[in-house]
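In what follows, a structure is listed as structure tokens, so that the remarks can point back to it.
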Amino acid sequence: MSFKDLNLLFERAQSGKVMKIVIAAAEDGEVLEAVKQASSEGIVDAVLVGDPNKISEVAKSRNIDVSSFEVIPATNDEEAAMKAVQAVSSGKGDLLMKGFIKTSTLLKAVLNKEWGLRTGNLLSHLFLFEVPRLGKVIGLTDGGLNTYPGLQEKVAIVNNAVSCYHALGVDTPKVAALAAVEVVNPDMPCTLDAAALVQMNRRNQIKGCIIDGPLALDNALSVEAAKHKGIVSEVAGSPDILLVPDIEAGNLLGKVILFMANGAGAGVVLGAKVPVVLTSRGDTARTKALSIALGAVLAKN
């Protein structure tokens with residue numbers, strides 16, 4: 001089973017209790033637009049952490065009423081990250097969101113040993129993309145956090161993404177381990193990692209999914225391309241998750257989908273005590289709203 005569009009996230013997020021989202025550095029127009037939408041649809045209530053005057057100014061410029069949201073004052077990004085994470089770790093919030101703040105600043109607070117959201121698991125980023133041409137939602141990991149993961153890290157990245165898909169109702173997601181080529185080449189370490197992941201999956205060291213690779217992007221997404229290369233695979237042509245070899249490939253591919261292919265997306269960090277809604281500061285309000293919905297669904301699970 002897979003799903004065709006990201007509207008499923010709004011539908012799933014509206015069931016059950018309203019989740020509390022805490023936003024670090026909430027002085028961001030697109031973030032406030034997204035929170036407004038998610039709040040109006042009964043998905044979340046919000047705690048805004050940041051400069052109260054700036055939050056008010058940004059909200060007023062967008063004609064957004066934030067009077068119903070709690071505001072926690074913070075004078076700089078580091079304080080905003082600390083107070084937002086502490087609010088969540090103390091039980092005041094169900095999920096965390098990045099506002100107008102660097103990812104590294106927020107994640108440093110998330111990983112704080114005293115009051116952070118560490119679990120011992122590797123943190124990884126998953127972006128779900130709605131691509132009209134493909135006619136389905138496809139996941140991309142990890143284009144946002146882990147720079148050059150080795151085999152051990154890739155196992156954790158796959159496990160995080162698979163757990164997310166299980167929470168969304170996809171029992172056995174198909175994972176395509178991407179490379180520039182579809183053959184194992186000792187000079188290309190990512191192809192060796194892909195082959196190892198396939199074998200680990202076959203021997204139940206990685207469960208709950210089907211993995212194939214190495215696969216180049218064309219034969220991962222296209223049945224015709226796979227047939228042309230003589231590839232026989234349960235994954236080729238119909239993957240649910242694209243596992244990229246490194247952050248550069250993932251970042252480029254993700255931005256091509258969003259900015260050149262008119263795609264929409266939803267991004268979260270997995271592996272912490274709660275979902276961390278993490279999008280680029282340049283992403284649209286719709287992408288941020290979809291990300292909030294995804295985070296809310298995962299928080300319920």
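By convention in this document, the chains of the structure tokens carry letters A, B, ... by their order, each chain's residues are numbered from 1, and ligands are numbered from 1 in the order they are shown.
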Query - For A:Thr147: contacts at 9 Å, only C-alpha atoms, fewer than 4 positions along chain excluded, given as an NGL selection string - result: :A and (142-143 or 246-248)
**Report entry** Distance query A:Ala264 at most 8 Å, only C-alpha atoms, self and fewer than 2 positions along chain excluded, as a ChimeraX atom specification
**Finding:** /A:129-131,257-258,262,266,286-287
File of the preceding selection, all heavy atoms, as a compact mmCIF listing (two decimals), in the first residue's frame:
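Contents of selection-v6.txt, as written:
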```txt
# COMPACT_ATOMS: atom_id res chain seq x y z
N PHE A 129 7.47 13.63 -0.43
CA PHE A 129 7.20 14.49 -1.57
C PHE A 129 5.97 14.02 -2.34
O PHE A 129 5.78 12.82 -2.55
CB PHE A 129 8.39 14.50 -2.53
CG PHE A 129 9.59 15.22 -2.01
CD1 PHE A 129 10.66 14.52 -1.50
CD2 PHE A 129 9.65 16.61 -2.02
CE1 PHE A 129 11.78 15.18 -1.02
CE2 PHE A 129 10.75 17.28 -1.53
CZ PHE A 129 11.82 16.57 -1.04
N GLU A 130 5.19 15.00 -2.74
CA GLU A 130 4.05 14.74 -3.61
C GLU A 130 4.48 15.20 -5.01
O GLU A 130 4.65 16.39 -5.25
CB GLU A 130 2.85 15.54 -3.11
CG GLU A 130 1.58 15.40 -3.89
CD GLU A 130 0.48 16.28 -3.28
OE1 GLU A 130 0.03 15.96 -2.18
OE2 GLU A 130 0.13 17.30 -3.91
N VAL A 131 4.67 14.24 -5.90
CA VAL A 131 5.17 14.55 -7.24
C VAL A 131 4.08 14.21 -8.25
O VAL A 131 3.80 13.02 -8.48
CB VAL A 131 6.46 13.77 -7.56
CG1 VAL A 131 7.04 14.20 -8.89
CG2 VAL A 131 7.48 13.94 -6.44
N ILE A 257 12.84 18.62 -6.80
CA ILE A 257 11.43 18.24 -6.72
C ILE A 257 10.56 19.43 -6.33
O ILE A 257 9.50 19.69 -6.92
CB ILE A 257 11.23 17.08 -5.73
CG1 ILE A 257 11.91 15.81 -6.24
CG2 ILE A 257 9.74 16.81 -5.50
CD1 ILE A 257 11.95 14.68 -5.23
N LEU A 258 11.01 20.20 -5.33
CA LEU A 258 10.21 21.31 -4.82
C LEU A 258 10.19 22.51 -5.77
O LEU A 258 9.12 23.09 -6.02
CB LEU A 258 10.73 21.77 -3.46
CG LEU A 258 10.41 20.88 -2.25
CD1 LEU A 258 11.05 21.46 -1.00
CD2 LEU A 258 8.91 20.75 -2.06
N ASN A 262 7.60 21.46 -9.29
CA ASN A 262 6.34 21.90 -8.67
C ASN A 262 5.79 20.90 -7.66
O ASN A 262 4.58 20.70 -7.55
CB ASN A 262 5.28 22.19 -9.74
CG ASN A 262 5.68 23.34 -10.64
OD1 ASN A 262 6.20 24.35 -10.16
ND2 ASN A 262 5.46 23.19 -11.93
N ALA A 266 6.72 17.42 2.90
CA ALA A 266 6.56 17.46 4.35
C ALA A 266 7.81 16.84 4.95
O ALA A 266 8.17 15.71 4.62
CB ALA A 266 5.32 16.68 4.78
N ARG A 286 2.64 26.06 2.67
CA ARG A 286 1.99 24.76 2.47
C ARG A 286 2.91 23.62 2.87
O ARG A 286 2.50 22.69 3.56
CB ARG A 286 1.56 24.59 1.01
CG ARG A 286 1.05 23.18 0.69
CD ARG A 286 0.34 23.08 -0.65
NE ARG A 286 0.19 21.71 -1.10
CZ ARG A 286 -0.68 20.84 -0.59
NH1 ARG A 286 -1.48 21.21 0.39
NH2 ARG A 286 -0.76 19.61 -1.05
N THR A 287 4.17 23.70 2.45
CA THR A 287 5.13 22.66 2.85
C THR A 287 5.27 22.60 4.36
O THR A 287 5.32 21.53 4.97
CB THR A 287 6.49 22.90 2.18
OG1 THR A 287 6.37 22.64 0.78
CG2 THR A 287 7.57 21.99 2.76
```
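Of the residues listed (A:Thr279, A:Thr284, A:Asn146, A:Asn160), A:Thr284 shows the shortest atom-to-atom separation from A:Gly263; distances use only C-alpha atoms.
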**Report entry** Residue neighbourhood stretch 215-226 of chain A, 12 Å, only C-alpha atoms, exclusion window fewer than 5 positions, as a VMD selection string
**Finding:** chain A and resid 131 133 to 136 138 140 174 to 184 190 to 195 198 231 to 245 249 to 250 253
Expected file contents, prior selection, C-alpha atoms, as an mmCIF file, in the first residue's frame:
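The resulting file, out.cif, is reproduced below:
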```cif
data_model
loop_
_atom_site.group_PDB
_atom_site.id
_atom_site.type_symbol
_atom_site.label_atom_id
_atom_site.label_comp_id
_atom_site.auth_asym_id
_atom_site.auth_seq_id
_atom_site.Cartn_x
_atom_site.Cartn_y
_atom_site.Cartn_z
ATOM 1 C CA VAL A 131 5.169 14.554 -7.242
ATOM 2 C CA ARG A 133 4.129 13.081 -12.536
ATOM 3 C CA LEU A 134 4.675 10.028 -10.348
ATOM 4 C CA GLY A 135 1.088 9.992 -9.091
ATOM 5 C CA LYS A 136 2.167 9.035 -5.568
ATOM 6 C CA ILE A 138 7.597 9.252 -2.212
ATOM 7 C CA LEU A 140 13.538 10.898 0.558
ATOM 8 C CA LYS A 174 9.809 -0.441 -0.592
ATOM 9 C CA VAL A 175 13.217 1.197 -0.190
ATOM 10 C CA ALA A 176 15.456 2.022 -3.151
ATOM 11 C CA ALA A 177 19.105 2.445 -2.154
ATOM 12 C CA LEU A 178 20.293 5.000 -4.701
ATOM 13 C CA ALA A 179 23.644 5.383 -6.396
ATOM 14 C CA ALA A 180 24.867 6.774 -9.713
ATOM 15 C CA VAL A 181 24.813 3.264 -11.170
ATOM 16 C CA GLU A 182 22.828 0.079 -10.657
ATOM 17 C CA VAL A 183 25.788 -2.290 -10.329
ATOM 18 C CA VAL A 184 28.113 -2.932 -7.418
ATOM 19 C CA CYS A 190 27.674 3.684 -1.708
ATOM 20 C CA THR A 191 27.076 0.734 -4.069
ATOM 21 C CA LEU A 192 28.739 -1.589 -1.549
ATOM 22 C CA ASP A 193 26.535 -0.146 1.216
ATOM 23 C CA ALA A 194 23.442 -0.660 -0.930
ATOM 24 C CA ALA A 195 24.316 -4.298 -1.593
ATOM 25 C CA VAL A 198 19.833 -5.643 0.582
ATOM 26 C CA ILE A 231 16.766 -5.298 -13.636
ATOM 27 C CA VAL A 232 14.263 -7.644 -12.014
ATOM 28 C CA SER A 233 13.167 -6.096 -8.735
ATOM 29 C CA GLU A 234 10.197 -5.684 -6.417
ATOM 30 C CA VAL A 235 11.333 -2.118 -5.768
ATOM 31 C CA ALA A 236 12.406 -0.752 -9.147
ATOM 32 C CA GLY A 237 9.621 1.353 -10.634
ATOM 33 C CA SER A 238 7.566 1.521 -7.450
ATOM 34 C CA PRO A 239 9.637 2.635 -4.435
ATOM 35 C CA ASP A 240 8.109 4.280 -1.390
ATOM 36 C CA ILE A 241 11.416 5.553 0.001
ATOM 37 C CA LEU A 242 14.538 6.778 -1.767
ATOM 38 C CA LEU A 243 17.660 6.284 0.360
ATOM 39 C CA VAL A 244 20.260 8.739 -0.934
ATOM 40 C CA PRO A 245 23.998 8.076 -0.577
ATOM 41 C CA ALA A 249 22.532 14.088 -3.359
ATOM 42 C CA GLY A 250 19.497 14.298 -1.080
ATOM 43 C CA LEU A 253 17.191 16.012 -5.387
#
```
Report task. Select from stretch 32-195 of chain A everything DSSP, run on the backbone, classes as strand (DSSP E), then give the selection as number ranges by chain. Result -> A: 44-50, 70-73, 95-98, 124-131, 136-141, 174-178
